[in-house]
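Heads up, the thing below is written out as structure tokens.
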Amino acid sequence: MQMGVMQMQQSSQSWLKQAKADLETARVDMEAKRHYASVFFSQQAVEKSLKAAYISLKHKDPPKTHDLDRLAEMIGKDQDFQRSVGILNEEESTTRYPDATGGIPAEQFTQEDAERYLKKASDIVSQVEEWVLDNK
């Protein structure tokens, strides 16, 4: 559905604000040693920031998908960027479902995993925020 300019900016900003809140949740979870939850919220932050970019660039509602590769492709970013988001793509399910990794997610992720994914997510959200601000 096409959006008006003001509605599009508000919607994009809402998605971006939630992405930043998810980054903060990932940080808090990492500090509390809930590594799987930190990785999950890092993935969620990237997903929501990509949806903010989609709204900002396409002026319509984002697709209902968790596929970060698809979202990155749909907003027209280069292969390097698509590869960088792809690192977090599978974590949407591996952090939640025991049958996705052959183990309990709460026991599968380490401090190093949480740190690596949080850093990657923070970098991506910052980059997307620049695109959204540039596209106002």
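Convention: chains lettered A, B, ... in structure tokens order; per-chain residue numbering from 1; ligands numbered from 1 as shown.
Residues in contact with Tyr97 of chain A at 12 Å, where only C-alpha atoms are counted and same-chain residues fewer than 6 positions away are skipped, are listed as Tyr36, Ala37, Phe40, Glu90, Glu91, Gly103, Ile104, Pro105, Ala106, Glu107 and Gln108 of chain A.
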### Shell of 12 Å around Lys48 of chain A, only C-alpha atoms, local chain residues under 5 positions omitted, as a PyMOL selection string
chain A and resi 11-23+41-43+53-55+62-68+71-72+121+124-125+128-129
### Message
Please compute the atom CA of Glu112 of chain A-atom CA of Glu73 of chain A distance, one decimal, in Å.
### Response
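Between atom CA of Glu112 of chain A and atom CA of Glu73 of chain A the gap works out to 28.3 Å.
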### Query
Suppose you want the space between atom CA of Ala52 of chain A and atom CA of Ser38 of chain A; what is it in Å?
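Atom CA of Ser38 of chain A lies at a distance of 21.0 Å from atom CA of Ala52 of chain A.
Candidate residues A:Met6, A:Ser56, A:Ala45, A:Phe109 were compared for distance to Ser126 of chain A, and the nearest is A:Ala45, using only C-alpha atoms.
Atom CA of Thr25 of chain A is positioned 23.8 Å from atom CA of Phe81 of chain A.
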### Message
Nearest residue to Val132 of chain A out of A:Gln44, A:Glu24, A:Ile75, A:Ala32, using only C-alpha atoms?
### Response
A:Ile75
### Task
Give me every alpha helix (DSSP H) residue in chain A, going by DSSP on the backbone, as a PyMOL selection string.
chain A and resi 5-31+35-58+68-74+79-89+91-94+98-101+105-108+111-134
